[in-house]
Amino acid sequence: MSQPGTLITLAPTGAESAKADVPALPVTVEEVVSTARDCEAVGAAVVHLHVRGLDTRPTLDLVRVREVVAAVRESTDLVVQLSSGGAVTDPLPDRVAVLDAEPDAASLSLGTVNFGRDVFSNPWDLIVELHTQMQQRGIVPEYEAFDLGHLTTLRRLLDRHGLPHGGHVHVDLVMGVPGGMPGTTGALAACLPVLDPSWTFAATGVGRTSLPVMLAALSAGGHLRVGMEDTLTYAPGEPVRDNVQLVARAAGLARIAQRPALTTTQARELLGIRSLQEAPR
Ligand code: KMH
Ligand code: ZN
């Protein structure tokens with residue numbers, strides 16, 4: 001399972017923070033492209049995108065989603081991974097429809113979980129629908145597990161519906177969501193025996209669990225997801241300046257672990273994603 005390098009995924013914006021509360025959050029097309037380009041320069045290989053409308057609020061409007069996908073592709077070589085999780089308030093059919101924007105990859109959440117006071121709904125039928133639609137459309141999923149049981153759901157999904165497009169299984173452990181598994185070394189260690197040796201995994205620690213989860217993931221041969229979707233405080237009392245700060249820290253720790261950041265080409269090879277020449281531009 002251990003990899004020679006570290007895949008760093010940037011999650012720059014998310015759907016749950018308001019621009020008014022977090023002025024540094026990238027929400028315009030220009031802001032998203034600029035942060036994507038700067039983060040690629042310091043080690044990001046994949047960008048996990050939630051799209052915002054002109055009013056800065058999350059949107060799944062396909063015209064806007066396509067515009068952001070095209071703009072990021074135009075300015076970077078990053079693997080473009082659209083969120084199919086959306087916001088906690090998004091209707092399930094709209095979350096499937098984002099696949100029409102033809103990203104390289106898309107997130108696929110593996111189970112329903114409390115999300116603070118909200119519920120992030122991911123019923124089995126939605127999971128199967130996203131998995132099979134992505135197989136048919138040549139989109140590579142990043143499976144997202146918010147709890148240990150979501151990993152057994154992944155096994156059941158693969159047993160019943162086959163491998164994803166590209167044939168490789170990559171799962172992101174999203175830890176520290178209030179309602180999901182805690183962002184601790186112990187929780188990450190508990191996930192390890194449930195992961196198949198042929199899979200790769202990344203981990204994301206939400207909020208103050210960012211650093212412990214990052215260190216635990218690196219020590220266990222895992223990959224990393226960082227960004228302002230998950231983390232708004234860099235250190236106690238110190239707000240995150242921008243996404244570059246978070247990616248640079250992750251890349252630095254990956255170097256110390258002697259598993260430096262993978263390039264975008266290496267990331268495509270690892271994940272079974274079509275090369276830049278084959279991707280719709
Ligand atoms: N916004 C969260 C409720 C994903 O992108 O796939 C869910 C989320 C997961 O961010
Ligand atoms: Zn997301």
# chains A, B, ... in the order shown; residues from 1 in each chain; ligands from 1

$ residues_near_ligand --ligand "ligand 1" --cutoff "7 Å" --atoms "only C-alpha atoms and all ligand atoms" --output "MDAnalysis selection string"
chainID A and resid 14:16 50 83:88 107:109 115 120 144

$ write_last_selection --atoms "N, CA and C atoms" --output "PDB file, in the first residue's frame"
ATOM      1  N   GLY A  14     -14.782  24.144  -0.775  1.00  0.00           N
ATOM      2  CA  GLY A  14     -15.875  23.466  -0.093  1.00  0.00           C
ATOM      3  C   GLY A  14     -17.204  24.159  -0.324  1.00  0.00           C
ATOM      4  N   ALA A  15     -18.200  23.668   0.396  1.00  0.00           N
ATOM      5  CA  ALA A  15     -19.550  24.198   0.218  1.00  0.00           C
ATOM      6  C   ALA A  15     -20.139  24.714   1.522  1.00  0.00           C
ATOM      7  N   GLU A  16     -19.384  24.602   2.597  1.00  0.00           N
ATOM      8  CA  GLU A  16     -20.016  24.853   3.890  1.00  0.00           C
ATOM      9  C   GLU A  16     -19.586  26.170   4.554  1.00  0.00           C
ATOM     10  N   HIS A  50     -15.583  22.428  -5.399  1.00  0.00           N
ATOM     11  CA  HIS A  50     -16.977  22.827  -5.188  1.00  0.00           C
ATOM     12  C   HIS A  50     -17.099  24.185  -5.850  1.00  0.00           C
ATOM     13  N   SER A  83     -16.683  17.738  -6.902  1.00  0.00           N
ATOM     14  CA  SER A  83     -17.426  17.164  -5.780  1.00  0.00           C
ATOM     15  C   SER A  83     -18.790  16.689  -6.265  1.00  0.00           C
ATOM     16  N   SER A  84     -19.126  15.448  -5.947  1.00  0.00           N
ATOM     17  CA  SER A  84     -20.517  15.023  -6.143  1.00  0.00           C
ATOM     18  C   SER A  84     -21.246  15.039  -4.796  1.00  0.00           C
ATOM     19  N   GLY A  85     -20.540  15.533  -3.776  1.00  0.00           N
ATOM     20  CA  GLY A  85     -21.155  15.634  -2.450  1.00  0.00           C
ATOM     21  C   GLY A  85     -21.941  16.921  -2.303  1.00  0.00           C
ATOM     22  N   GLY A  86     -21.490  17.957  -3.023  1.00  0.00           N
ATOM     23  CA  GLY A  86     -22.178  19.240  -2.977  1.00  0.00           C
ATOM     24  C   GLY A  86     -22.250  19.813  -1.572  1.00  0.00           C
ATOM     25  N   ALA A  87     -23.350  20.496  -1.301  1.00  0.00           N
ATOM     26  CA  ALA A  87     -23.612  21.035   0.034  1.00  0.00           C
ATOM     27  C   ALA A  87     -24.644  20.139   0.711  1.00  0.00           C
ATOM     28  N   VAL A  88     -24.709  20.213   2.029  1.00  0.00           N
ATOM     29  CA  VAL A  88     -25.644  19.330   2.752  1.00  0.00           C
ATOM     30  C   VAL A  88     -27.093  19.534   2.308  1.00  0.00           C
ATOM     31  N   SER A 107     -15.654  13.042  -6.511  1.00  0.00           N
ATOM     32  CA  SER A 107     -15.752  12.404  -5.197  1.00  0.00           C
ATOM     33  C   SER A 107     -17.020  11.549  -5.153  1.00  0.00           C
ATOM     34  N   LEU A 108     -16.990  10.529  -4.309  1.00  0.00           N
ATOM     35  CA  LEU A 108     -18.164   9.653  -4.169  1.00  0.00           C
ATOM     36  C   LEU A 108     -18.245   9.248  -2.695  1.00  0.00           C
ATOM     37  N   SER A 109     -19.148   9.850  -1.978  1.00  0.00           N
ATOM     38  CA  SER A 109     -19.236   9.610  -0.536  1.00  0.00           C
ATOM     39  C   SER A 109     -19.966   8.307  -0.259  1.00  0.00           C
ATOM     40  N   PHE A 115     -23.513  15.843  10.032  1.00  0.00           N
ATOM     41  CA  PHE A 115     -22.511  16.845   9.652  1.00  0.00           C
ATOM     42  C   PHE A 115     -22.788  18.065  10.524  1.00  0.00           C
ATOM     43  N   PHE A 120     -25.578  14.764   6.079  1.00  0.00           N
ATOM     44  CA  PHE A 120     -25.036  14.620   4.726  1.00  0.00           C
ATOM     45  C   PHE A 120     -25.535  13.272   4.211  1.00  0.00           C
ATOM     46  N   GLU A 144     -15.079   8.582  -0.662  1.00  0.00           N
ATOM     47  CA  GLU A 144     -14.872   9.316   0.589  1.00  0.00           C
ATOM     48  C   GLU A 144     -15.542   8.570   1.734  1.00  0.00           C
TER      49      GLU A 144
END

$ select_by_dssp --residues "range 26-151 of chain A" --states "alpha helix (DSSP H)" --output "MDAnalysis selection string"
chainID A and resid 29:41 62:75 92:97 124:137 148:151

$ closest_residue --among "A:Val247, A:Leu126, A:Ala97, A:Val65" --to "Met228 in chain A" --atoms "only C-alpha atoms"
A:Val247

$ atom_distance --atom1 "CA of Arg137 in chain A" --atom2 "CA of Val72 in chain A"
20.3 Å

$ residues_around --residues "Val174 in chain A" --least-positions-apart "6" --cutoff "8 Å" --atoms "only C-alpha atoms" --output "list in words"
Glu144, Ala145, Phe146, Asp147, Ala203, Thr204, Gly205 and Val206 of chain A

$ write_last_selection --atoms "C-alpha atoms" --output "PDB file, in the first residue's frame"
ATOM      1  CA  GLU A 144     -14.872   9.316   0.589  1.00  0.00           C
ATOM      2  CA  ALA A 145     -15.239   7.520   3.916  1.00  0.00           C
ATOM      3  CA  PHE A 146     -16.444   9.544   6.892  1.00  0.00           C
ATOM      4  CA  ASP A 147     -16.651   6.512   9.150  1.00  0.00           C
ATOM      5  CA  ALA A 203      -6.608  11.190   4.700  1.00  0.00           C
ATOM      6  CA  THR A 204      -8.077  14.575   5.513  1.00  0.00           C
ATOM      7  CA  GLY A 205      -8.377  15.923   9.023  1.00  0.00           C
ATOM      8  CA  VAL A 206     -11.054  18.549   9.418  1.00  0.00           C
TER       9      VAL A 206
END

$ decode --residues "range 117-132 of chain A" --atoms "N, CA, C and O atoms" --output "PDB file, in the first residue's frame"
ATOM      1  N   ARG A 117     -24.896  19.977  12.765  1.00  0.00           N
ATOM      2  CA  ARG A 117     -26.340  19.900  13.014  1.00  0.00           C
ATOM      3  C   ARG A 117     -27.098  19.400  11.797  1.00  0.00           C
ATOM      4  O   ARG A 117     -28.307  19.218  11.830  1.00  0.00           O
ATOM      5  N   ASP A 118     -26.373  19.228  10.675  1.00  0.00           N
ATOM      6  CA  ASP A 118     -27.008  18.808   9.425  1.00  0.00           C
ATOM      7  C   ASP A 118     -26.791  17.313   9.195  1.00  0.00           C
ATOM      8  O   ASP A 118     -26.059  16.655   9.927  1.00  0.00           O
ATOM      9  N   VAL A 119     -27.433  16.816   8.140  1.00  0.00           N
ATOM     10  CA  VAL A 119     -27.231  15.425   7.726  1.00  0.00           C
ATOM     11  C   VAL A 119     -26.716  15.434   6.295  1.00  0.00           C
ATOM     12  O   VAL A 119     -27.318  16.053   5.408  1.00  0.00           O
ATOM     13  N   PHE A 120     -25.578  14.764   6.079  1.00  0.00           N
ATOM     14  CA  PHE A 120     -25.036  14.620   4.726  1.00  0.00           C
ATOM     15  C   PHE A 120     -25.535  13.272   4.211  1.00  0.00           C
ATOM     16  O   PHE A 120     -25.091  12.222   4.646  1.00  0.00           O
ATOM     17  N   SER A 121     -26.479  13.348   3.278  1.00  0.00           N
ATOM     18  CA  SER A 121     -27.232  12.156   2.887  1.00  0.00           C
ATOM     19  C   SER A 121     -26.582  11.432   1.706  1.00  0.00           C
ATOM     20  O   SER A 121     -26.373  12.028   0.646  1.00  0.00           O
ATOM     21  N   ASN A 122     -26.274  10.159   1.920  1.00  0.00           N
ATOM     22  CA  ASN A 122     -25.668   9.331   0.870  1.00  0.00           C
ATOM     23  C   ASN A 122     -26.241   7.919   0.925  1.00  0.00           C
ATOM     24  O   ASN A 122     -25.555   6.973   1.317  1.00  0.00           O
ATOM     25  N   PRO A 123     -27.517   7.776   0.529  1.00  0.00           N
ATOM     26  CA  PRO A 123     -28.120   6.443   0.567  1.00  0.00           C
ATOM     27  C   PRO A 123     -27.480   5.502  -0.460  1.00  0.00           C
ATOM     28  O   PRO A 123     -26.874   5.958  -1.434  1.00  0.00           O
ATOM     29  N   TRP A 124     -27.639   4.202  -0.220  1.00  0.00           N
ATOM     30  CA  TRP A 124     -27.025   3.164  -1.063  1.00  0.00           C
ATOM     31  C   TRP A 124     -27.338   3.385  -2.544  1.00  0.00           C
ATOM     32  O   TRP A 124     -26.456   3.286  -3.402  1.00  0.00           O
ATOM     33  N   ASP A 125     -28.600   3.678  -2.860  1.00  0.00           N
ATOM     34  CA  ASP A 125     -28.967   3.815  -4.280  1.00  0.00           C
ATOM     35  C   ASP A 125     -28.207   4.970  -4.940  1.00  0.00           C
ATOM     36  O   ASP A 125     -27.864   4.893  -6.123  1.00  0.00           O
ATOM     37  N   LEU A 126     -27.963   6.040  -4.198  1.00  0.00           N
ATOM     38  CA  LEU A 126     -27.181   7.154  -4.762  1.00  0.00           C
ATOM     39  C   LEU A 126     -25.734   6.715  -4.994  1.00  0.00           C
ATOM     40  O   LEU A 126     -25.122   7.043  -6.028  1.00  0.00           O
ATOM     41  N   ILE A 127     -25.188   5.977  -4.040  1.00  0.00           N
ATOM     42  CA  ILE A 127     -23.807   5.493  -4.167  1.00  0.00           C
ATOM     43  C   ILE A 127     -23.663   4.639  -5.432  1.00  0.00           C
ATOM     44  O   ILE A 127     -22.727   4.824  -6.229  1.00  0.00           O
ATOM     45  N   VAL A 128     -24.617   3.730  -5.631  1.00  0.00           N
ATOM     46  CA  VAL A 128     -24.562   2.842  -6.805  1.00  0.00           C
ATOM     47  C   VAL A 128     -24.741   3.657  -8.086  1.00  0.00           C
ATOM     48  O   VAL A 128     -24.036   3.444  -9.084  1.00  0.00           O
ATOM     49  N   GLU A 129     -25.656   4.608  -8.047  1.00  0.00           N
ATOM     50  CA  GLU A 129     -25.899   5.446  -9.230  1.00  0.00           C
ATOM     51  C   GLU A 129     -24.623   6.214  -9.623  1.00  0.00           C
ATOM     52  O   GLU A 129     -24.220   6.229 -10.785  1.00  0.00           O
ATOM     53  N   LEU A 130     -23.983   6.830  -8.652  1.00  0.00           N
ATOM     54  CA  LEU A 130     -22.755   7.580  -8.947  1.00  0.00           C
ATOM     55  C   LEU A 130     -21.656   6.646  -9.460  1.00  0.00           C
ATOM     56  O   LEU A 130     -20.960   6.954 -10.428  1.00  0.00           O
ATOM     57  N   HIS A 131     -21.511   5.496  -8.809  1.00  0.00           N
ATOM     58  CA  HIS A 131     -20.462   4.543  -9.191  1.00  0.00           C
ATOM     59  C   HIS A 131     -20.663   4.067 -10.640  1.00  0.00           C
ATOM     60  O   HIS A 131     -19.719   4.079 -11.444  1.00  0.00           O
ATOM     61  N   THR A 132     -21.881   3.688 -10.980  1.00  0.00           N
ATOM     62  CA  THR A 132     -22.112   3.130 -12.319  1.00  0.00           C
ATOM     63  C   THR A 132     -22.084   4.237 -13.383  1.00  0.00           C
ATOM     64  O   THR A 132     -21.559   4.031 -14.477  1.00  0.00           O
TER      65      THR A 132
END
